[in-house]
>>> print(open('final.cif').read())   # mmCIF, C-alpha atoms, pLDDT in the B column; chains and numbers go by the auth columns
data_upload
loop_
_atom_site.group_PDB
_atom_site.id
_atom_site.type_symbol
_atom_site.label_atom_id
_atom_site.label_comp_id
_atom_site.label_asym_id
_atom_site.label_seq_id
_atom_site.Cartn_x
_atom_site.Cartn_y
_atom_site.Cartn_z
_atom_site.B_iso_or_equiv
_atom_site.auth_seq_id
_atom_site.auth_asym_id
ATOM 1 C CA MET A 1 -32.939 -8.605 74.701 49.00 1 J
ATOM 2 C CA ASN A 2 -29.295 -7.844 74.823 47.00 2 J
ATOM 3 C CA PHE A 3 -26.745 -9.977 73.016 43.00 3 J
ATOM 4 C CA LYS A 4 -23.141 -10.050 73.924 48.00 4 J
ATOM 5 C CA PHE A 5 -20.595 -11.346 71.481 44.00 5 J
ATOM 6 C CA SER A 6 -17.032 -12.189 72.168 49.00 6 J
ATOM 7 C CA GLN A 7 -14.353 -11.197 69.723 50.00 7 J
ATOM 8 C CA ARG A 8 -14.085 -14.853 68.754 51.00 8 J
ATOM 9 C CA GLY A 9 -17.818 -14.985 68.079 50.00 9 J
ATOM 10 C CA ILE A 10 -17.722 -11.842 65.946 41.00 10 J
ATOM 11 C CA ALA A 11 -14.865 -13.225 63.935 47.00 11 J
ATOM 12 C CA ALA A 12 -16.746 -16.477 63.370 51.00 12 J
ATOM 13 C CA MET A 13 -19.866 -14.577 62.300 45.00 13 J
ATOM 14 C CA LEU A 14 -17.934 -12.435 59.795 39.00 14 J
ATOM 15 C CA ALA A 15 -16.291 -15.520 58.391 48.00 15 J
ATOM 16 C CA ALA A 16 -19.694 -17.153 57.899 49.00 16 J
ATOM 17 C CA ILE A 17 -21.077 -14.053 56.155 42.00 17 J
ATOM 18 C CA LEU A 18 -17.993 -13.865 53.884 38.00 18 J
ATOM 19 C CA CYS A 19 -18.317 -17.522 52.938 46.00 19 J
ATOM 20 C CA ALA A 20 -22.009 -17.063 52.148 45.00 20 J
ATOM 21 C CA SER A 21 -21.242 -14.051 49.967 43.00 21 J
ATOM 22 C CA LEU A 22 -18.533 -15.920 48.095 37.00 22 J
ATOM 23 C CA ALA A 23 -20.857 -18.855 47.541 44.00 23 J
ATOM 24 C CA ALA A 24 -23.572 -16.601 46.156 46.00 24 J
ATOM 25 C CA GLY A 25 -21.048 -14.918 43.884 46.00 25 J
ATOM 26 C CA CYS A 26 -19.793 -18.243 42.625 45.00 26 J
ATOM 27 C CA ASP A 27 -23.351 -19.364 41.848 49.00 27 J
ATOM 28 C CA SER A 28 -24.023 -16.220 39.750 47.00 28 J
ATOM 29 C CA ALA A 29 -20.664 -16.143 37.995 47.00 29 J
ATOM 30 C CA PRO A 30 -20.661 -17.361 34.401 49.00 30 J
ATOM 31 C CA GLN A 31 -19.501 -20.919 34.042 52.00 31 J
ATOM 32 C CA PRO A 32 -16.286 -21.552 32.128 52.00 32 J
ATOM 33 C CA ALA A 33 -16.951 -21.921 28.441 50.00 33 J
ATOM 34 C CA ALA A 34 -16.766 -25.413 27.074 47.00 34 J
ATOM 35 C CA PRO A 35 -13.678 -26.096 25.034 47.00 35 J
ATOM 36 C CA ALA A 36 -14.246 -24.842 21.519 43.00 36 J
ATOM 37 C CA THR A 37 -14.570 -27.554 18.976 44.00 37 J
ATOM 38 C CA ALA A 38 -12.119 -27.448 16.139 44.00 38 J
ATOM 39 C CA ALA A 39 -13.465 -25.311 13.348 46.00 39 J
ATOM 40 C CA ASN A 40 -14.117 -27.009 10.062 43.00 40 J
ATOM 41 C CA PRO A 41 -11.231 -26.408 7.685 46.00 41 J
ATOM 42 C CA ALA A 42 -11.910 -23.632 5.207 48.00 42 J
ATOM 43 C CA GLU A 43 -13.024 -24.653 1.777 44.00 43 J
ATOM 44 C CA PRO A 44 -10.101 -24.500 -0.659 48.00 44 J
ATOM 45 C CA ALA A 45 -10.156 -21.547 -3.009 75.00 45 J
ATOM 46 C CA VAL A 46 -9.694 -23.962 -5.901 88.00 46 J
ATOM 47 C CA PRO A 47 -11.393 -27.379 -5.860 90.00 47 J
ATOM 48 C CA ASP A 48 -9.051 -30.357 -5.876 93.00 48 J
ATOM 49 C CA THR A 49 -10.690 -31.648 -9.043 92.00 49 J
ATOM 50 C CA VAL A 50 -9.749 -28.451 -10.890 93.00 50 J
ATOM 51 C CA VAL A 51 -6.143 -28.661 -9.678 95.00 51 J
ATOM 52 C CA ALA A 52 -5.997 -32.298 -10.760 94.00 52 J
ATOM 53 C CA THR A 53 -7.373 -31.404 -14.196 93.00 53 J
ATOM 54 C CA ALA A 54 -4.780 -28.656 -14.643 95.00 54 J
ATOM 55 C CA LYS A 55 -1.884 -30.894 -13.618 95.00 55 J
ATOM 56 C CA ALA A 56 -3.068 -33.731 -15.833 94.00 56 J
ATOM 57 C CA ALA A 57 -3.243 -31.408 -18.828 93.00 57 J
ATOM 58 C CA TYR A 58 -0.136 -29.254 -18.314 95.00 58 J
ATOM 59 C CA GLY A 59 2.174 -31.142 -15.980 95.00 59 J
ATOM 60 C CA THR A 60 2.831 -31.406 -12.277 95.00 60 J
ATOM 61 C CA ASP A 61 4.269 -27.876 -12.142 95.00 61 J
ATOM 62 C CA ALA A 62 0.977 -26.393 -13.343 96.00 62 J
ATOM 63 C CA GLU A 63 -0.632 -23.997 -10.880 95.00 63 J
ATOM 64 C CA VAL A 64 -4.186 -22.657 -10.741 94.00 64 J
ATOM 65 C CA LEU A 65 -3.848 -18.963 -9.925 91.00 65 J
ATOM 66 C CA ALA A 66 -7.532 -18.071 -10.061 88.00 66 J
ATOM 67 C CA TYR A 67 -10.862 -19.820 -10.236 88.00 67 J
ATOM 68 C CA GLY A 68 -14.421 -18.589 -10.386 83.00 68 J
ATOM 69 C CA ASP A 69 -17.929 -18.765 -11.770 72.00 69 J
ATOM 70 C CA PHE A 70 -18.281 -15.761 -14.063 65.00 70 J
ATOM 71 C CA TRP A 71 -21.542 -15.320 -15.874 60.00 71 J
ATOM 72 C CA SER A 72 -19.940 -12.984 -18.415 63.00 72 J
ATOM 73 C CA ALA A 73 -17.727 -15.800 -19.685 60.00 73 J
ATOM 74 C CA GLY A 74 -20.249 -18.581 -19.632 61.00 74 J
ATOM 75 C CA GLY A 75 -19.490 -20.344 -16.365 74.00 75 J
ATOM 76 C CA GLN A 76 -16.640 -21.641 -14.277 86.00 76 J
ATOM 77 C CA GLN A 77 -13.128 -20.772 -15.357 88.00 77 J
ATOM 78 C CA ALA A 78 -9.627 -21.585 -14.195 91.00 78 J
ATOM 79 C CA LEU A 79 -6.479 -19.581 -14.867 92.00 79 J
ATOM 80 C CA VAL A 80 -3.634 -22.108 -15.129 96.00 80 J
ATOM 81 C CA VAL A 81 0.051 -21.194 -15.407 96.00 81 J
ATOM 82 C CA ARG A 82 3.477 -22.723 -15.456 96.00 82 J
ATOM 83 C CA ARG A 83 5.851 -20.314 -13.783 95.00 83 J
ATOM 84 C CA LEU A 84 9.221 -19.183 -15.007 94.00 84 J
ATOM 85 C CA ALA A 85 11.878 -20.480 -12.623 88.00 85 J
ATOM 86 C CA ALA A 86 12.957 -17.831 -10.126 71.00 86 J
ATOM 87 C CA THR A 87 16.568 -18.261 -11.225 57.00 87 J
ATOM 88 C CA ALA A 88 15.715 -17.922 -14.894 58.00 88 J
ATOM 89 C CA VAL A 89 14.191 -14.457 -15.178 52.00 89 J
ATOM 90 C CA PRO A 90 15.535 -13.650 -18.630 46.00 90 J
ATOM 91 C CA GLY A 91 17.202 -10.532 -19.862 48.00 91 J
ATOM 92 C CA GLY A 92 17.751 -9.158 -16.391 43.00 92 J
ATOM 93 C CA ALA A 93 14.100 -8.165 -16.265 45.00 93 J
ATOM 94 C CA PRO A 94 13.156 -6.426 -12.997 43.00 94 J
ATOM 95 C CA ALA A 95 11.086 -8.426 -10.578 43.00 95 J
ATOM 96 C CA PRO A 96 7.382 -7.601 -10.751 44.00 96 J
ATOM 97 C CA ALA A 97 6.219 -5.021 -8.263 40.00 97 J
ATOM 98 C CA ALA A 98 4.015 -6.324 -5.496 40.00 98 J
ATOM 99 C CA ALA A 99 0.375 -5.459 -5.900 38.00 99 J
ATOM 100 C CA SER A 100 -0.881 -2.807 -3.516 35.00 100 J
ATOM 101 C CA PRO A 101 -3.529 -3.796 -0.958 36.00 101 J
ATOM 102 C CA GLN A 102 -6.024 -1.600 -2.813 35.00 102 J
ATOM 103 C CA SER A 103 -5.422 -3.327 -6.153 40.00 103 J
ATOM 104 C CA PRO A 104 -6.648 -6.846 -6.894 47.00 104 J
ATOM 105 C CA GLU A 105 -4.174 -7.245 -9.749 57.00 105 J
ATOM 106 C CA THR A 106 -1.415 -9.774 -9.314 87.00 106 J
ATOM 107 C CA THR A 107 1.659 -10.490 -11.421 91.00 107 J
ATOM 108 C CA ALA A 108 3.645 -13.610 -12.211 93.00 108 J
ATOM 109 C CA ASP A 109 6.462 -14.488 -14.603 95.00 109 J
ATOM 110 C CA VAL A 110 5.303 -17.454 -16.646 96.00 110 J
ATOM 111 C CA ILE A 111 6.226 -19.689 -19.553 96.00 111 J
ATOM 112 C CA HIS A 112 2.684 -20.894 -20.180 97.00 112 J
ATOM 113 C CA VAL A 113 -0.842 -19.654 -19.471 97.00 113 J
ATOM 114 C CA SER A 114 -4.156 -21.330 -20.191 96.00 114 J
ATOM 115 C CA ILE A 115 -7.693 -20.336 -19.376 93.00 115 J
ATOM 116 C CA LEU A 116 -10.017 -23.299 -19.048 92.00 116 J
ATOM 117 C CA VAL A 117 -13.791 -22.902 -19.272 88.00 117 J
ATOM 118 C CA ARG A 118 -16.116 -25.596 -17.985 87.00 118 J
ATOM 119 C CA ASP A 119 -18.481 -27.012 -20.595 84.00 119 J
ATOM 120 C CA GLY A 120 -20.835 -29.450 -18.920 84.00 120 J
ATOM 121 C CA SER A 121 -18.668 -32.117 -17.345 84.00 121 J
ATOM 122 C CA ASN A 122 -15.634 -31.193 -19.463 88.00 122 J
ATOM 123 C CA TRP A 123 -13.072 -28.402 -19.473 91.00 123 J
ATOM 124 C CA LYS A 124 -12.106 -26.651 -22.700 90.00 124 J
ATOM 125 C CA GLU A 125 -9.163 -24.364 -23.322 93.00 125 J
ATOM 126 C CA ALA A 126 -10.476 -20.932 -24.307 91.00 126 J
ATOM 127 C CA PHE A 127 -7.103 -19.162 -24.382 95.00 127 J
ATOM 128 C CA SER A 128 -3.417 -20.033 -24.244 96.00 128 J
ATOM 129 C CA ALA A 129 -0.113 -18.194 -24.066 96.00 129 J
ATOM 130 C CA ASP A 130 3.080 -20.084 -24.708 94.00 130 J
ATOM 131 C CA GLU A 131 5.326 -18.607 -27.364 94.00 131 J
ATOM 132 C CA HIS A 132 2.282 -16.849 -28.831 95.00 132 J
ATOM 133 C CA LEU A 133 -1.089 -15.604 -27.604 96.00 133 J
ATOM 134 C CA LYS A 134 -3.954 -17.631 -29.078 95.00 134 J
ATOM 135 C CA ASN A 135 -7.632 -18.288 -28.694 94.00 135 J
ATOM 136 C CA ARG A 136 -9.521 -21.098 -30.399 91.00 136 J
ATOM 137 C CA ARG A 137 -9.796 -19.117 -33.646 91.00 137 J
ATOM 138 C CA GLY A 138 -6.233 -17.998 -34.113 93.00 138 J
ATOM 139 C CA TYR A 139 -3.420 -15.699 -32.951 95.00 139 J
ATOM 140 C CA LEU A 140 -4.196 -12.509 -31.089 95.00 140 J
ATOM 141 C CA ALA A 141 -3.373 -9.219 -32.739 92.00 141 J
ATOM 142 C CA GLY A 142 -0.988 -6.870 -30.995 90.00 142 J
ATOM 143 C CA SER A 143 1.317 -9.613 -29.744 89.00 143 J
ATOM 144 C CA PRO A 144 4.832 -10.133 -31.128 87.00 144 J
ATOM 145 C CA ALA A 145 5.136 -12.139 -34.330 87.00 145 J
ATOM 146 C CA ALA A 146 8.381 -13.692 -33.068 87.00 146 J
ATOM 147 C CA PRO A 147 8.124 -16.454 -30.440 90.00 147 J
ATOM 148 C CA VAL A 148 8.205 -15.185 -26.867 92.00 148 J
ATOM 149 C CA PRO A 149 9.973 -17.493 -24.375 92.00 149 J
ATOM 150 C CA ALA A 150 8.351 -16.031 -21.270 95.00 150 J
ATOM 151 C CA TRP A 151 5.776 -13.466 -20.220 95.00 151 J
ATOM 152 C CA ARG A 152 5.108 -11.203 -17.308 95.00 152 J
ATOM 153 C CA LEU A 153 1.462 -11.892 -16.630 96.00 153 J
ATOM 154 C CA GLY A 154 -0.793 -9.423 -14.864 95.00 154 J
ATOM 155 C CA TYR A 155 -4.253 -10.647 -13.971 91.00 155 J
ATOM 156 C CA GLU A 156 -7.301 -9.358 -12.209 86.00 156 J
ATOM 157 C CA LYS A 157 -10.364 -11.406 -11.387 75.00 157 J
ATOM 158 C CA THR A 158 -13.714 -9.658 -11.027 71.00 158 J
ATOM 159 C CA GLU A 159 -17.212 -11.012 -10.640 69.00 159 J
ATOM 160 C CA GLU A 160 -18.540 -8.612 -13.280 69.00 160 J
ATOM 161 C CA LYS A 161 -15.940 -8.966 -16.036 69.00 161 J
ATOM 162 C CA GLY A 162 -14.200 -12.234 -15.354 72.00 162 J
ATOM 163 C CA PHE A 163 -10.463 -12.341 -15.961 79.00 163 J
ATOM 164 C CA LEU A 164 -8.657 -9.254 -17.199 86.00 164 J
ATOM 165 C CA LEU A 165 -5.110 -10.046 -18.241 93.00 165 J
ATOM 166 C CA SER A 166 -1.994 -8.297 -19.489 95.00 166 J
ATOM 167 C CA PHE A 167 1.026 -9.914 -21.151 96.00 167 J
ATOM 168 C CA THR A 168 4.446 -8.263 -21.328 95.00 168 J
ATOM 169 C CA PRO A 169 7.110 -10.213 -23.269 93.00 169 J
ATOM 170 C CA LEU A 170 10.307 -11.136 -21.452 91.00 170 J
ATOM 171 C CA ASN A 171 13.729 -11.749 -22.983 75.00 171 J
ATOM 172 C CA LEU A 172 12.950 -10.559 -26.485 68.00 172 J
ATOM 173 C CA SER A 173 15.734 -10.487 -29.034 70.00 173 J
ATOM 174 C CA PRO A 174 17.765 -7.240 -29.188 71.00 174 J
ATOM 175 C CA GLY A 175 15.969 -4.490 -31.040 67.00 175 J
ATOM 176 C CA SER A 176 12.518 -6.024 -30.537 67.00 176 J
ATOM 177 C CA LYS A 177 9.803 -3.715 -29.348 69.00 177 J
ATOM 178 C CA GLN A 178 8.410 -4.633 -25.962 73.00 178 J
ATOM 179 C CA SER A 179 4.714 -3.889 -25.651 86.00 179 J
ATOM 180 C CA THR A 180 2.070 -5.102 -23.275 93.00 180 J
ATOM 181 C CA VAL A 181 -0.941 -6.894 -24.722 94.00 181 J
ATOM 182 C CA ARG A 182 -4.195 -6.688 -22.792 94.00 182 J
ATOM 183 C CA VAL A 183 -6.656 -9.542 -23.063 94.00 183 J
ATOM 184 C CA ALA A 184 -10.283 -9.774 -21.967 91.00 184 J
ATOM 185 C CA TRP A 185 -13.423 -11.814 -22.607 88.00 185 J
ATOM 186 C CA ASN A 186 -15.197 -10.835 -25.826 88.00 186 J
ATOM 187 C CA PRO A 187 -18.890 -11.518 -25.140 85.00 187 J
ATOM 188 C CA LYS A 188 -19.841 -11.152 -28.799 88.00 188 J
ATOM 189 C CA LEU A 189 -17.488 -13.864 -30.024 87.00 189 J
ATOM 190 C CA GLN A 190 -17.453 -15.803 -26.748 84.00 190 J
ATOM 191 C CA GLU A 191 -13.653 -15.816 -26.774 88.00 191 J
ATOM 192 C CA TYR A 192 -10.713 -14.149 -25.073 91.00 192 J
ATOM 193 C CA ASP A 193 -9.418 -11.446 -27.436 93.00 193 J
ATOM 194 C CA SER A 194 -6.804 -8.708 -27.332 94.00 194 J
ATOM 195 C CA LEU A 195 -7.782 -5.088 -26.761 93.00 195 J
ATOM 196 C CA ASP A 196 -6.535 -2.066 -28.633 91.00 196 J
ATOM 197 C CA ALA A 197 -4.418 0.668 -27.061 87.00 197 J
ATOM 198 C CA SER A 198 -7.503 2.405 -25.673 86.00 198 J
ATOM 199 C CA GLY A 199 -8.602 -0.748 -23.889 84.00 199 J
ATOM 200 C CA THR A 200 -12.140 -0.351 -25.217 85.00 200 J
ATOM 201 C CA GLN A 201 -12.137 -2.162 -28.578 91.00 201 J
ATOM 202 C CA PHE A 202 -11.330 -5.753 -29.393 93.00 202 J
ATOM 203 C CA GLN A 203 -8.860 -6.382 -32.185 92.00 203 J
ATOM 204 C CA ALA A 204 -9.269 -8.806 -35.063 88.00 204 J
ATOM 205 C CA ILE A 205 -7.304 -12.016 -34.720 86.00 205 J
ATOM 206 C CA ARG A 206 -4.601 -13.241 -37.100 87.00 206 J
ATOM 207 C CA SER A 207 -4.437 -16.475 -39.031 83.00 207 J
ATOM 208 C CA THR A 208 -0.687 -16.793 -38.324 86.00 208 J
ATOM 209 C CA PRO A 209 1.577 -15.159 -35.711 87.00 209 J
ATOM 210 C CA GLY A 210 2.902 -12.542 -38.127 79.00 210 J
ATOM 211 C CA GLY A 211 0.087 -12.630 -40.639 78.00 211 J
ATOM 212 C CA GLU A 212 -2.472 -10.046 -41.571 67.00 212 J
ATOM 213 C CA SER A 213 -5.275 -9.506 -39.118 67.00 213 J
ATOM 214 C CA VAL A 214 -8.549 -10.963 -40.304 58.00 214 J
ATOM 215 C CA LYS A 215 -12.061 -10.708 -38.939 56.00 215 J
ATOM 216 C CA MET A 216 -13.596 -14.058 -38.246 47.00 216 J
ATOM 217 C CA LYS A 217 -17.236 -14.801 -37.642 48.00 217 J
ATOM 218 C CA PRO A 218 -18.219 -16.577 -34.448 43.00 218 J
#
>>> encode(input="final.cif", output="structure tokens")
Amino acid sequence: MNFKFSQRGIAAMLAAILCASLAAGCDSAPQPAAPATAANPAEPAVPDTVVATAKAAYGTDAEVLAYGDFWSAGGQQALVVRRLAATAVPGGAPAPAAASPQSPETTADVIHVSILVRDGSNWKEAFSADEHLKNRRGYLAGSPAAPVPAWRLGYEKTEEKGFLLSFTPLNLSPGSKQSTVRVAWNPKLQEYDSLDASGTQFQAIRSTPGGESVKMKP
């Protein structure tokens, strides 16, 4: 049987085939994704309750620089500071160098530092740096005997060792020797203590800022 198609008929047939193909393609095409729901806001690095505790204890300008649960130091800790005003860097001290992306250490110019350790439902101060460096037993060896108005703090937080800190005095009186004091958690005494120059041995603490170093039992 012979079929004869006019040009109009051929055009109509091609149009029908094209529409069928488009319809099939539309059926197999992936449907538009549903609008993404708003992601839950990220958990804050420092709980609000810890920030509130720090501000209640040290003032509204207190800032929690680091927070963590470190088994080597007996539980949760918070590193709390009060910063030196940007316009009050004393003695023309150079601004701290920015930490490299490969280094977790961070620096800050401060007038006060405290490390709080959680004890049950309470927080206790395990270490403080204002004009002197102190733990709960006394003054840390290696730090200046004269009061220090501000410090350049370097700190590193690790899961294995907790907080590792360094303190460099700022704006010392003329002729005073500027030396950096390194501080770490002493697992034997369960305190933050200063390290010697080698960074491997803890130093004995002092009964007074300029007094003789004495060994104290835990």
>>> resolve_selection(input="final.cif", expression="the PyMOL selection byres ((chain J and resi 135) around 9)", output="number ranges by chain")
J: 125-129, 133-134, 136-140, 191-193, 205
>>> residues_around(input="final.cif", residues="range 58-69 of chain J", least_positions_apart="3", cutoff="12 Å", atoms="all atoms listed in the file", output="ChimeraX atom specification")
/J:44-55,72-85,104-108,110-118,125,128,130,153-165
>>> atom_distance(input="final.cif", atom1="CA of Gln203 in chain J", atom2="CA of Trp151 in chain J")
20.2 Å
>>> atom_distance(input="final.cif", atom1="CA of Val183 in chain J", atom2="CA of Thr200 in chain J")
10.9 Å
>>> resolve_selection(input="final.cif", expression="the PyMOL selection byres ((chain J and resi 199) around 10)", output="list in words")
Val181, Arg182, Val183, Ala184, Ser194, Leu195, Asp196, Ala197, Ser198, Thr200, Gln201 and Phe202 of chain J
>>> atom_distance(input="final.cif", atom1="CA of Asn171 in chain J", atom2="CA of Pro147 in chain J")
10.4 Å
>>> resolve_selection(input="final.cif", expression="the PyMOL selection byres ((chain J and resi 211) around 12)", output="PyMOL selection string")
chain J and resi 138-146+204-210+212-214
>>> residues_near_point(input="final.cif", point="(9.9, -13.3, -22.5)", cutoff="6 Å", atoms="all atoms listed in the file", output="PyMOL selection string")
chain J and resi 148-151+169-172
>>> axis_aligned_box(input="final.cif", around="range 164-171 of chain J", padding_each_side="5 Å", output="AutoDock Vina command-line options")
--center_x 2.5 --center_y -10.0 --center_z -20.2 --size_x 32.4 --size_y 13.5 --size_z 16.1
